[in-house]
file input_23.txt (compact mmCIF, C-alpha atoms and all ligand atoms)
# COMPACT_ATOMS: atom_id res chain seq x y z
CA MET A 1 -62.35 63.78 -27.28
CA VAL A 2 -60.79 67.12 -26.56
CA THR A 3 -63.35 68.65 -24.18
CA PRO A 4 -65.31 67.13 -21.27
CA GLN A 5 -68.59 68.31 -22.81
CA ALA A 6 -67.88 66.64 -26.15
CA ARG A 7 -66.70 63.49 -24.36
CA ALA A 8 -69.98 63.40 -22.41
CA VAL A 9 -72.00 63.71 -25.63
CA LEU A 10 -70.13 60.76 -27.14
CA ASN A 11 -70.60 58.65 -24.00
CA ASP A 12 -74.32 59.45 -23.82
CA ILE A 13 -74.98 58.69 -27.48
CA ALA A 14 -72.86 55.53 -27.49
CA THR A 15 -74.76 54.18 -24.50
CA GLU A 16 -78.07 54.94 -26.16
CA GLU A 17 -76.97 53.32 -29.43
CA PHE A 18 -76.32 50.06 -27.59
CA ALA A 19 -79.86 50.25 -26.22
CA HIS A 20 -81.12 50.80 -29.76
CA GLU A 21 -79.31 47.65 -30.87
CA GLU A 22 -81.14 45.76 -28.15
CA MET A 23 -84.48 47.23 -29.25
CA MET A 24 -83.88 46.28 -32.90
CA GLY A 25 -82.80 42.80 -31.84
CA THR A 26 -85.95 42.41 -29.77
CA ILE A 27 -88.15 43.57 -32.66
CA THR A 28 -86.39 41.14 -34.98
CA CYS A 29 -86.75 38.29 -32.49
CA GLN A 30 -90.45 39.01 -31.98
CA LEU A 31 -91.02 39.03 -35.74
CA LEU A 32 -89.12 35.78 -36.31
CA CYS A 33 -90.30 33.73 -33.33
CA GLY A 34 -92.97 31.23 -34.23
CA LEU A 35 -92.49 31.37 -38.00
CA CYS A 36 -92.99 28.06 -39.79
CA PRO A 37 -90.66 27.00 -42.65
CA ASP A 38 -93.17 28.08 -45.33
CA GLU A 39 -93.38 31.58 -43.80
CA ILE A 40 -89.59 31.76 -43.60
CA ILE A 41 -89.24 30.88 -47.29
CA LYS A 42 -92.08 33.18 -48.36
CA GLY A 43 -90.44 36.04 -46.49
CA GLY A 44 -87.09 35.43 -48.19
CA LEU A 45 -85.50 34.61 -44.86
CA ASP A 46 -84.36 31.11 -45.73
CA PRO A 47 -80.66 32.03 -46.24
CA TYR A 48 -80.69 33.80 -42.87
CA TYR A 49 -82.47 30.86 -41.24
CA VAL A 50 -79.91 28.38 -42.55
CA GLY A 51 -77.09 30.49 -41.10
CA HIS A 52 -78.61 31.63 -37.84
CA GLY A 53 -81.91 29.86 -37.19
CA LEU A 54 -84.28 32.35 -35.61
CA GLY A 55 -81.56 33.90 -33.50
CA VAL A 56 -80.64 37.55 -33.73
CA TYR A 57 -77.42 38.04 -35.70
CA PRO A 58 -76.11 41.57 -36.34
CA CYS A 59 -75.85 42.04 -40.10
CA SER A 60 -76.92 44.46 -42.81
CA ALA A 61 -80.12 44.05 -44.78
CA ALA A 62 -77.96 42.42 -47.45
CA GLY A 63 -76.67 39.87 -44.91
CA VAL A 64 -73.19 41.35 -44.46
CA PRO A 65 -72.13 40.64 -40.84
CA PHE A 66 -71.51 43.64 -38.62
CA SER A 67 -67.81 44.36 -38.11
CA ALA A 68 -65.51 47.19 -37.15
CA SER A 69 -65.39 48.11 -40.84
CA ALA A 70 -68.79 49.78 -40.28
CA LEU A 71 -67.09 52.23 -37.91
CA GLN A 72 -64.98 55.21 -38.86
CA SER A 73 -62.30 57.07 -36.97
CA LYS A 74 -59.58 59.36 -38.22
CA GLY A 75 -58.36 60.41 -34.79
CA ASP A 76 -59.21 64.05 -35.47
CA PRO A 77 -62.12 65.30 -33.33
CA VAL A 78 -63.59 67.60 -35.98
CA THR A 79 -63.33 65.00 -38.73
CA ASP A 80 -64.78 62.29 -36.50
CA LEU A 81 -67.70 64.47 -35.42
CA TYR A 82 -68.55 65.19 -39.07
CA GLU A 83 -68.47 61.43 -39.61
CA ASP A 84 -70.81 61.00 -36.64
CA LEU A 85 -73.19 63.57 -38.10
CA ALA A 86 -73.20 61.71 -41.42
CA ALA A 87 -73.80 58.40 -39.63
CA GLU A 88 -76.84 59.84 -37.85
CA LYS A 89 -78.28 61.11 -41.14
CA LYS A 90 -77.71 57.71 -42.73
CA ALA A 91 -79.39 55.99 -39.76
CA LEU A 92 -82.35 58.37 -40.14
CA LYS A 93 -82.76 57.35 -43.78
CA THR A 94 -82.47 53.68 -42.86
CA TYR A 95 -85.37 54.10 -40.44
CA ASP A 96 -87.33 55.90 -43.19
CA TYR A 97 -86.76 52.95 -45.52
CA LEU A 98 -87.69 50.43 -42.80
CA LEU A 99 -90.89 52.39 -42.15
CA ASP A 100 -91.65 52.23 -45.89
CA LEU A 101 -91.61 48.43 -45.65
CA THR A 102 -93.96 47.80 -42.74
CA MET A 103 -97.57 48.38 -41.87
CA ASP A 104 -97.32 46.68 -38.46
CA PRO A 105 -98.14 49.26 -35.78
CA ASP A 106 -96.10 47.30 -33.24
CA VAL A 107 -93.06 47.80 -35.47
CA ILE A 108 -93.84 51.33 -36.65
CA LYS A 109 -94.08 52.80 -33.15
CA PRO A 110 -90.59 51.77 -31.95
CA LEU A 111 -89.08 52.58 -35.36
CA LYS A 112 -90.49 56.10 -35.15
CA PHE A 113 -89.08 56.44 -31.65
CA LEU A 114 -85.65 55.31 -32.83
CA ARG A 115 -85.87 57.64 -35.85
CA GLU A 116 -86.58 60.58 -33.55
CA ARG A 117 -83.56 59.70 -31.43
CA GLU A 118 -81.32 59.87 -34.52
CA ILE A 119 -82.48 63.45 -34.99
CA VAL A 120 -81.55 64.21 -31.38
CA HIS A 121 -78.17 62.51 -31.85
CA PHE A 122 -77.54 64.62 -34.95
CA GLN A 123 -78.34 67.78 -33.00
CA ARG A 124 -76.13 66.78 -30.07
CA PHE A 125 -73.20 65.89 -32.35
CA GLY A 126 -73.66 69.31 -33.96
CA GLU A 127 -73.48 70.95 -30.54
CA ALA A 128 -70.36 68.92 -29.71
CA LEU A 129 -68.82 69.97 -33.02
CA ASP A 130 -69.41 73.63 -32.19
CA ILE A 131 -67.86 73.13 -28.74
CA VAL A 132 -64.80 71.35 -30.18
CA LYS A 133 -64.31 73.87 -32.97
CA PHE A 134 -64.53 76.72 -30.47
CA TYR A 135 -62.04 74.94 -28.20
CA LEU A 136 -59.65 74.35 -31.11
CA GLY A 137 -60.17 77.85 -32.49
CA GLU A 138 -61.37 76.57 -35.85
CA ASN A 139 -63.68 78.48 -38.16
CA LYS A 140 -67.30 77.37 -38.20
CA THR A 141 -67.32 77.36 -41.99
CA PHE A 142 -65.19 75.59 -44.55
CA CYS A 143 -62.75 77.89 -46.27
CA MET A 144 -60.21 77.10 -48.93
CA PRO A 145 -56.79 78.24 -47.67
CA GLU A 146 -55.68 79.55 -51.06
CA VAL A 147 -58.62 81.97 -51.36
CA GLU A 148 -57.23 85.49 -51.58
CA SER A 149 -60.34 87.17 -50.30
CA ASP A 150 -60.53 88.27 -46.67
CA LYS A 151 -63.92 86.57 -46.23
CA CYS A 152 -62.40 83.53 -44.55
CA LYS A 153 -60.18 85.33 -42.11
FE FE B 201 -77.88 57.65 -33.44
call {"tool": "encode", "arguments": {"input": "input_23.txt", "output": "structure tokens"}}
result
Amino acid sequence: MVTPQARAVLNDIATEEFAHEEMMGTITCQLLCGLCPDEIIKGGLDPYYVGHGLGVYPCSAAGVPFSASALQSKGDPVTDLYEDLAAEKKALKTYDYLLDLTMDPDVIKPLKFLREREIVHFQRFGEALDIVKFYLGENKTFCMPEVESDKCK
């Protein structure tokens, strides 16, 4: 990343995201531990159980294993920060959808905490984007280069 401040934001958020993975894994483990085969089948978890037992395996809700294909990088700081902003918004919606599917207060509380952190991440990526754009001398708005008006200059 092109500035120390932006680099620090990325390091802070990346570290926190790893902690969030641990929290989600712990929630998943606590929900799965002690289930009997009938409960596993009733919950639609039998394909997962056959593949992974009751262990925590990083995959999407559809069972697609986590891989580097979930990550994006174009090597351009502005482009990558916009991608980070989009990722935070998508994570926020994922937490909304997870909250729609549970009534367990022991699940809702940590999910709401994690959801709030995505909002903070979005804000911090936005601050980093402003810092990087200022450093690079880029406009803060999108402008089409072929526009003849002086509004974008
Ligand atoms: Fe995040």
call {"tool": "residues_around", "arguments": {"input": "input_23.txt", "residues": "Gly53 (chain A)", "least_positions_apart": "3", "cutoff": "12 Å", "atoms": "all atoms listed in the file", "output": "ChimeraX atom specification"}}
result
/A:29,32-37,40,45-50,56-57
call {"tool": "axis_aligned_box", "arguments": {"input": "input_23.txt", "around": "region 48-60 of chain A", "padding_each_side": "4 Å", "output": "JSON"}}
result
{"center_x": -80.1, "center_y": 36.4, "center_z": -38.2, "size_x": 16.4, "size_y": 24.1, "size_z": 17.4}
call {"tool": "atom_distance", "arguments": {"input": "input_23.txt", "atom1": "CA of Gly43 (chain A)", "atom2": "CA of Ala19 (chain A)"}}
result
26.9 Å
call {"tool": "residues_near_ligand", "arguments": {"input": "input_23.txt", "ligand": "ligand FE 201 (chain B)", "cutoff": "6 Å", "atoms": "all atoms listed in the file", "output": "PyMOL selection string"}}
result
chain A and resi 17+88+118+121
call {"tool": "closest_residue", "arguments": {"input": "input_23.txt", "among": "A:Ala8, A:Val120, A:Leu54, A:Leu129", "to": "Gly25 (chain A)", "atoms": "only C-alpha atoms"}}
result
A:Leu54
call {"tool": "residues_around", "arguments": {"input": "input_23.txt", "residues": "Ser73 (chain A)", "least_positions_apart": "5", "cutoff": "10 Å", "atoms": "all atoms listed in the file", "output": "VMD selection string"}}
result
chain A and resid 79 to 81 83 to 84
call {"tool": "atom_distance", "arguments": {"input": "input_23.txt", "atom1": "CA of Val64 (chain A)", "atom2": "CA of Val107 (chain A)"}}
result
22.7 Å
call {"tool": "closest_residue", "arguments": {"input": "input_23.txt", "among": "A:Ala61, A:Phe18, A:Arg7, A:Arg124", "to": "Tyr97 (chain A)", "atoms": "only C-alpha atoms"}}
result
A:Ala61
call {"tool": "atom_distance", "arguments": {"input": "input_23.txt", "atom1": "CA of His20 (chain A)", "atom2": "CA of Pro4 (chain A)"}}
result
24.3 Å
call {"tool": "closest_residue", "arguments": {"input": "input_23.txt", "among": "A:Gly44, A:Pro77, A:Pro105, A:Pro58", "to": "Thr3 (chain A)", "atoms": "only C-alpha atoms"}}
result
A:Pro77
call {"tool": "residues_around", "arguments": {"input": "input_23.txt", "residues": "Val132 (chain A)", "least_positions_apart": "6", "cutoff": "9 Å", "atoms": "only C-alpha atoms", "output": "PyMOL selection string"}}
result
chain A and resi 1-3+5-6+77-78+138
call {"tool": "closest_residue", "arguments": {"input": "input_23.txt", "among": "A:His52, A:Lys89, A:Lys42, A:Lys74", "to": "Gly126 (chain A)", "atoms": "all atoms listed in the file"}}
result
A:Lys89
call {"tool": "closest_residue", "arguments": {"input": "input_23.txt", "among": "A:Met24, A:Cys59, A:Phe134, A:Ala128", "to": "Arg115 (chain A)", "atoms": "only C-alpha atoms"}}
result
A:Met24
call {"tool": "closest_residue", "arguments": {"input": "input_23.txt", "among": "A:Leu71, A:Ile41, A:Ile131, A:Ile27", "to": "Leu111 (chain A)", "atoms": "only C-alpha atoms"}}
result
A:Ile27
